Amino acid sequence: MIADQIDTVGRAVQQNLEGFGRFTQFSLATAGWALRGAGGYGRLRLLVPQLFQVGTRSIPVVALVGAFVGAVLGVEMFAQFQAFGQETRLGGVIHISVVKQIGPVLAAVMIAGRVGGAVSAELGSMHVTEQLDALRVMGSDPIRHLVVPRVLACLIMVPVLTVFSDLLGIGGSWLVVVQGFGVDSEEYWKFSSQFVGNWDVFTGLVKSVFFGLGIGLISCYKGFNCGTGASGVGRAATDSFVVSFITIIVANFFLAKFMNDLYTVIYGHVSLGLG
């Protein structure tokens with residue numbers, strides 16, 4: 001029994017390592033095609049529709065979620081800050097939370113759910129119906145024509161959507177705290193500007209770039225390597241979101257630590273969230 005368990009664990013580890021190796025090769029191939037001539041194969045013609053699908057069509061859901069998250073933070077935190085007579089400083093706390101953490105993570109999760117699953121299902125259907133093999137037979141690389149535009153679209157549009165999420169989150173908190181609870185607007189914005197600095201905004205945008213890259217690569221890889229039949233396509237779409245979500249959460253931790261350490265190296269002191 002012990003030998004069987006060891007064999008099972010060993011096979012699982014081997015399969016995971018093999019999968020990681022295939023994903024690495026897939027990512028390197030994507031990077032190679034992306035770095036080659038920008039206009040040589042009509043990339044702009046392939047990229048623009050993906051920008052619309054990933055970015056423009058995702059604005060309503062990202063904006064709605066961002067606005068209500070900012071409003072909920074204002075509702076939940078106002079009583080605690082009011083108890084200490086610090087309700088005018090509430091905007092700074094909410095805004096730095098939205099800009100550095102909540103905005104980028106929420107925007108990425110929404111894209112992973114709305115776009116990542118759809119990309120995996122689309123490419124998975126092409127894999128099942130042997131359309132990818134047909135492209136190879138005709139001398140065209142599927143990564144070049146199908147993967148690169150989708151990855152670039154995610155890489156470009158996730159930071160843009162993060163800005164929308166941040167702005168709507170800030171607007172939602174202002175609407176609740178200032179208009180709802182009657183906090184002085186001038187004091188609210190004064191403390192917000194003192195608390196949120198350029199580095200905080202930069203940190204959130206850097207995170208969103210990595211999140212977009214991860215979503216694009218994972219969703220395309222899952223579609224290219226899905227199982228057979230409709231069940232395989234459905235499983236690929238589900239796995240795409242699950243793996244992307246885990247990647248976003250784990251990457252957020254390491255990027256937060258890296259950006260804080262980088263701030264200390266550049267400025268010589270720990271970031272306290274003061275602009």
# chains A, B, ... in the order shown; residues from 1 in each chain; ligands from 1
call {"tool": "closest_atom_pairs", "arguments": {"of": "segment 109-228 of chain A", "to": "segment 50-67 of chain A", "cutoff": "10 Å", "atoms": "only C-alpha atoms", "output": "Markdown table"}}
result
| residue | atom | partner | partner_atom | distance |
| --- | --- | --- | --- | --- |
| A:Val109 | CA | A:Val62 | CA | 9.5 |
| A:Met110 | CA | A:Val62 | CA | 6.6 |
| A:Ile111 | CA | A:Ser58 | CA | 7.2 |
| A:Ala112 | CA | A:Val54 | CA | 9.9 |
| A:Arg114 | CA | A:Ser58 | CA | 7.6 |
| A:Val115 | CA | A:Val54 | CA | 6.2 |
| A:Gly116 | CA | A:Val54 | CA | 9.1 |
| A:Val119 | CA | A:Val54 | CA | 9.7 |
| A:Pro149 | CA | A:Gln50 | CA | 6.7 |
| A:Arg150 | CA | A:Gln50 | CA | 6.0 |
| A:Val151 | CA | A:Gln50 | CA | 9.1 |
| A:Leu152 | CA | A:Leu51 | CA | 8.5 |
| A:Ala153 | CA | A:Leu51 | CA | 5.0 |
| A:Cys154 | CA | A:Val54 | CA | 6.5 |
| A:Leu155 | CA | A:Leu51 | CA | 9.8 |
| A:Ile156 | CA | A:Leu51 | CA | 8.0 |
| A:Met157 | CA | A:Gly55 | CA | 5.2 |
| A:Val158 | CA | A:Gly55 | CA | 7.4 |
| A:Pro159 | CA | A:Gly55 | CA | 9.8 |
| A:Val160 | CA | A:Gly55 | CA | 7.8 |
| A:Leu161 | CA | A:Ile59 | CA | 6.7 |
| A:Thr162 | CA | A:Val62 | CA | 8.2 |
| A:Val163 | CA | A:Ala63 | CA | 9.5 |
| A:Phe164 | CA | A:Ala63 | CA | 6.0 |
| A:Ser165 | CA | A:Gly66 | CA | 4.7 |
| A:Asp166 | CA | A:Gly66 | CA | 6.7 |
| A:Leu167 | CA | A:Gly66 | CA | 7.9 |
| A:Leu168 | CA | A:Ala67 | CA | 4.5 |
| A:Gly169 | CA | A:Ala67 | CA | 4.3 |
| A:Ile170 | CA | A:Ala67 | CA | 7.3 |
| A:Gly171 | CA | A:Ala67 | CA | 6.6 |
| A:Gly172 | CA | A:Ala67 | CA | 4.6 |
| A:Ser173 | CA | A:Ala67 | CA | 7.6 |
| A:Trp174 | CA | A:Ala67 | CA | 10.0 |
| A:Leu175 | CA | A:Ala67 | CA | 9.6 |
call {"tool": "write_last_selection", "arguments": {"atoms": "C-alpha atoms", "output": "compact mmCIF listing (two decimals), in the first residue's frame"}}
result
# COMPACT_ATOMS: atom_id res chain seq x y z
CA VAL A 109 -10.52 38.29 -11.67
CA MET A 110 -13.38 39.72 -13.75
CA ILE A 111 -11.31 39.37 -16.92
CA ALA A 112 -10.29 35.83 -15.97
CA ARG A 114 -15.45 36.76 -18.48
CA VAL A 115 -12.65 36.49 -21.04
CA GLY A 116 -10.32 33.71 -19.92
CA VAL A 119 -10.82 32.16 -24.87
CA PRO A 149 -3.22 38.68 -30.36
CA ARG A 150 -5.18 37.34 -27.37
CA VAL A 151 -2.23 37.52 -24.98
CA LEU A 152 -1.36 41.04 -26.13
CA ALA A 153 -4.99 42.10 -25.72
CA CYS A 154 -5.01 40.87 -22.12
CA LEU A 155 -1.61 42.46 -21.48
CA ILE A 156 -2.83 45.84 -22.75
CA MET A 157 -6.42 45.93 -21.56
CA VAL A 158 -6.15 44.61 -18.00
CA PRO A 159 -4.17 47.74 -16.90
CA VAL A 160 -6.70 49.93 -18.72
CA LEU A 161 -9.59 48.19 -17.00
CA THR A 162 -7.75 48.49 -13.69
CA VAL A 163 -7.84 52.27 -14.12
CA PHE A 164 -11.61 52.08 -14.65
CA SER A 165 -11.96 49.87 -11.56
CA ASP A 166 -9.86 52.29 -9.48
CA LEU A 167 -11.78 55.37 -10.59
CA LEU A 168 -15.18 53.81 -10.01
CA GLY A 169 -14.08 52.43 -6.64
CA ILE A 170 -12.91 55.88 -5.57
CA GLY A 171 -16.13 57.42 -6.89
CA GLY A 172 -18.27 54.87 -5.06
CA SER A 173 -16.54 55.50 -1.75
CA TRP A 174 -16.81 59.28 -2.20
CA LEU A 175 -20.52 59.00 -2.96
call {"tool": "closest_atom_pairs", "arguments": {"of": "segment 201-272 of chain A", "to": "segment 97-101 of chain A", "cutoff": "9 Å", "atoms": "only C-alpha atoms", "output": "JSON lines"}}
result
{"residue": "A:Val201", "atom": "CA", "partner": "A:Val99", "partner_atom": "CA", "distance": 5.8}
{"residue": "A:Phe202", "atom": "CA", "partner": "A:Lys100", "partner_atom": "CA", "distance": 8.3}
{"residue": "A:Thr203", "atom": "CA", "partner": "A:Lys100", "partner_atom": "CA", "distance": 6.1}
{"residue": "A:Gly204", "atom": "CA", "partner": "A:Lys100", "partner_atom": "CA", "distance": 4.5}
{"residue": "A:Leu205", "atom": "CA", "partner": "A:Lys100", "partner_atom": "CA", "distance": 8.3}
{"residue": "A:Lys207", "atom": "CA", "partner": "A:Lys100", "partner_atom": "CA", "distance": 8.5}
{"residue": "A:Asn252", "atom": "CA", "partner": "A:Gln101", "partner_atom": "CA", "distance": 8.0}
{"residue": "A:Ala256", "atom": "CA", "partner": "A:Lys100", "partner_atom": "CA", "distance": 8.6}
call {"tool": "closest_residue", "arguments": {"among": "A:Thr238, A:Thr228, A:Ser27, A:Gln15", "to": "Glu130 of chain A", "atoms": "only C-alpha atoms"}}
result
A:Thr228
call {"tool": "closest_residue", "arguments": {"among": "A:Ala79, A:Leu217, A:Leu262, A:Leu73", "to": "Val93 of chain A", "atoms": "only C-alpha atoms"}}
result
A:Leu73
call {"tool": "closest_residue", "arguments": {"among": "A:Gly19, A:Gly32, A:Gly92, A:Gly124", "to": "Ser219 of chain A", "atoms": "only C-alpha atoms"}}
result
A:Gly124
call {"tool": "select_by_dssp", "arguments": {"residues": "segment 26-257 of chain A", "states": "alpha helix (DSSP H)", "output": "ChimeraX atom specification"}}
result
/A:26-35,43-54,59-83,90-97,103-111,117-128,131-137,142,148-174,185-195,198-224,229-257
call {"tool": "residues_around", "arguments": {"residues": "Phe195 of chain A", "least_positions_apart": "3", "cutoff": "12 Å", "atoms": "only C-alpha atoms", "output": "PyMOL selection string"}}
result
chain A and resi 88-97+99+188-192+198-201+271-275
call {"tool": "write_last_selection", "arguments": {"atoms": "N, CA and C atoms", "output": "tab-separated table (two decimals), in the first residue's frame"}}
result
chain	number	residue	atom	x	y	z
A	88	THR	N	-12.75	61.88	8.30
A	88	THR	CA	-12.23	62.60	7.14
A	88	THR	C	-11.05	61.88	6.50
A	89	ARG	N	-10.40	61.03	7.28
A	89	ARG	CA	-9.25	60.26	6.76
A	89	ARG	C	-9.67	58.94	6.14
A	90	LEU	N	-10.95	58.66	6.14
A	90	LEU	CA	-11.42	57.39	5.60
A	90	LEU	C	-11.14	57.26	4.11
A	91	GLY	N	-11.23	58.38	3.40
A	91	GLY	CA	-10.98	58.33	1.96
A	91	GLY	C	-9.58	57.85	1.62
A	92	GLY	N	-8.58	58.29	2.38
A	92	GLY	CA	-7.21	57.88	2.12
A	92	GLY	C	-7.03	56.38	2.27
A	93	VAL	N	-7.62	55.80	3.32
A	93	VAL	CA	-7.50	54.37	3.56
A	93	VAL	C	-8.19	53.57	2.46
A	94	ILE	N	-9.39	53.99	2.08
A	94	ILE	CA	-10.11	53.27	1.03
A	94	ILE	C	-9.40	53.40	-0.30
A	95	HIS	N	-8.94	54.60	-0.62
A	95	HIS	CA	-8.34	54.83	-1.92
A	95	HIS	C	-7.04	54.06	-2.10
A	96	ILE	N	-6.21	54.02	-1.07
A	96	ILE	CA	-4.96	53.27	-1.23
A	96	ILE	C	-5.22	51.77	-1.30
A	97	SER	N	-6.26	51.32	-0.61
A	97	SER	CA	-6.63	49.90	-0.71
A	97	SER	C	-7.12	49.57	-2.11
A	99	VAL	N	-6.48	51.30	-4.97
A	99	VAL	CA	-5.47	51.52	-6.00
A	99	VAL	C	-4.39	50.44	-5.98
A	188	TYR	N	-11.93	65.38	2.90
A	188	TYR	CA	-11.87	64.00	2.37
A	188	TYR	C	-10.81	63.90	1.29
A	189	TRP	N	-10.83	64.82	0.34
A	189	TRP	CA	-9.88	64.76	-0.76
A	189	TRP	C	-8.49	65.20	-0.32
A	190	LYS	N	-8.39	66.10	0.65
A	190	LYS	CA	-7.07	66.53	1.11
A	190	LYS	C	-6.30	65.38	1.73
A	191	PHE	N	-6.95	64.63	2.62
A	191	PHE	CA	-6.27	63.50	3.24
A	191	PHE	C	-6.03	62.37	2.25
A	192	SER	N	-6.90	62.23	1.27
A	192	SER	CA	-6.68	61.21	0.25
A	192	SER	C	-5.44	61.52	-0.57
A	198	ASN	N	2.13	58.58	-5.97
A	198	ASN	CA	2.33	58.06	-7.32
A	198	ASN	C	2.82	56.61	-7.31
A	199	TRP	N	3.62	56.27	-6.30
A	199	TRP	CA	4.14	54.91	-6.22
A	199	TRP	C	3.02	53.90	-6.02
A	200	ASP	N	2.01	54.28	-5.27
A	200	ASP	CA	0.87	53.38	-5.03
A	200	ASP	C	0.12	53.10	-6.32
A	201	VAL	N	-0.10	54.14	-7.13
A	201	VAL	CA	-0.76	53.96	-8.42
A	201	VAL	C	0.11	53.10	-9.33
A	271	SER	N	7.64	52.17	2.71
A	271	SER	CA	6.46	52.90	2.26
A	271	SER	C	5.36	52.83	3.31
A	272	LEU	N	4.87	53.99	3.71
A	272	LEU	CA	3.79	54.06	4.69
A	272	LEU	C	2.47	54.47	4.04
A	273	GLY	N	2.46	54.50	2.73
A	273	GLY	CA	1.23	54.89	2.05
A	273	GLY	C	0.98	56.39	2.10
A	274	LEU	N	2.03	57.18	2.30
A	274	LEU	CA	1.86	58.62	2.35
A	274	LEU	C	2.45	59.23	1.09
A	275	GLY	N	1.63	60.00	0.37
A	275	GLY	CA	2.09	60.56	-0.89
A	275	GLY	C	3.15	61.60	-0.72
call {"tool": "closest_residue", "arguments": {"among": "A:Gln179, A:Ser120, A:Gln86, A:Thr24", "to": "Asp239 of chain A", "atoms": "only C-alpha atoms"}}
result
A:Ser120
call {"tool": "closest_residue", "arguments": {"among": "A:Leu146, A:Leu46, A:Ser208, A:Tyr263", "to": "Glu122 of chain A", "atoms": "only C-alpha atoms"}}
result
A:Leu146
call {"tool": "decode", "arguments": {"residues": "segment 26-72 of chain A", "atoms": "C-alpha atoms", "output": "CSV table (one decimal), in the first residue's frame"}}
result
chain,number,residue,atom,x,y,z
A,26,PHE,CA,4.2,27.5,-24.9
A,27,SER,CA,5.0,30.8,-23.2
A,28,LEU,CA,8.5,31.1,-24.9
A,29,ALA,CA,7.0,30.4,-28.3
A,30,THR,CA,4.4,33.1,-27.7
A,31,ALA,CA,7.0,35.6,-26.6
A,32,GLY,CA,9.1,34.7,-29.6
A,33,TRP,CA,6.3,35.4,-32.1
A,34,ALA,CA,5.3,38.6,-30.2
A,35,LEU,CA,8.8,40.0,-30.4
A,36,ARG,CA,9.1,39.4,-34.2
A,37,GLY,CA,8.0,41.9,-36.8
A,38,ALA,CA,4.9,43.8,-35.6
A,39,GLY,CA,3.3,44.3,-39.0
A,40,GLY,CA,4.7,41.3,-40.8
A,41,TYR,CA,1.5,39.2,-40.5
A,42,GLY,CA,-1.2,41.8,-40.0
A,43,ARG,CA,-1.1,41.7,-36.2
A,44,LEU,CA,-3.0,44.9,-35.9
A,45,ARG,CA,-5.9,43.4,-37.9
A,46,LEU,CA,-5.9,40.5,-35.5
A,47,LEU,CA,-5.3,42.5,-32.4
A,48,VAL,CA,-8.0,45.1,-32.6
A,49,PRO,CA,-11.0,42.7,-32.4
A,50,GLN,CA,-9.4,41.1,-29.4
A,51,LEU,CA,-8.9,44.5,-27.7
A,52,PHE,CA,-12.6,45.1,-28.2
A,53,GLN,CA,-13.6,41.7,-26.8
A,54,VAL,CA,-11.3,41.8,-23.8
A,55,GLY,CA,-11.4,45.5,-23.0
A,56,THR,CA,-14.4,47.4,-24.3
A,57,ARG,CA,-17.0,44.7,-23.6
A,58,SER,CA,-15.6,44.2,-20.1
A,59,ILE,CA,-15.9,47.8,-19.0
A,60,PRO,CA,-19.5,47.6,-17.7
A,61,VAL,CA,-18.9,44.7,-15.4
A,62,VAL,CA,-15.5,46.0,-14.1
A,63,ALA,CA,-16.9,49.4,-13.5
A,64,LEU,CA,-20.0,48.1,-11.7
A,65,VAL,CA,-18.0,45.8,-9.4
A,66,GLY,CA,-15.4,48.6,-8.7
A,67,ALA,CA,-18.1,51.1,-7.8
A,68,PHE,CA,-19.9,48.9,-5.4
A,69,VAL,CA,-16.8,47.6,-3.7
A,70,GLY,CA,-15.7,51.2,-3.0
A,71,ALA,CA,-19.2,51.9,-1.7
A,72,VAL,CA,-19.2,48.8,0.5
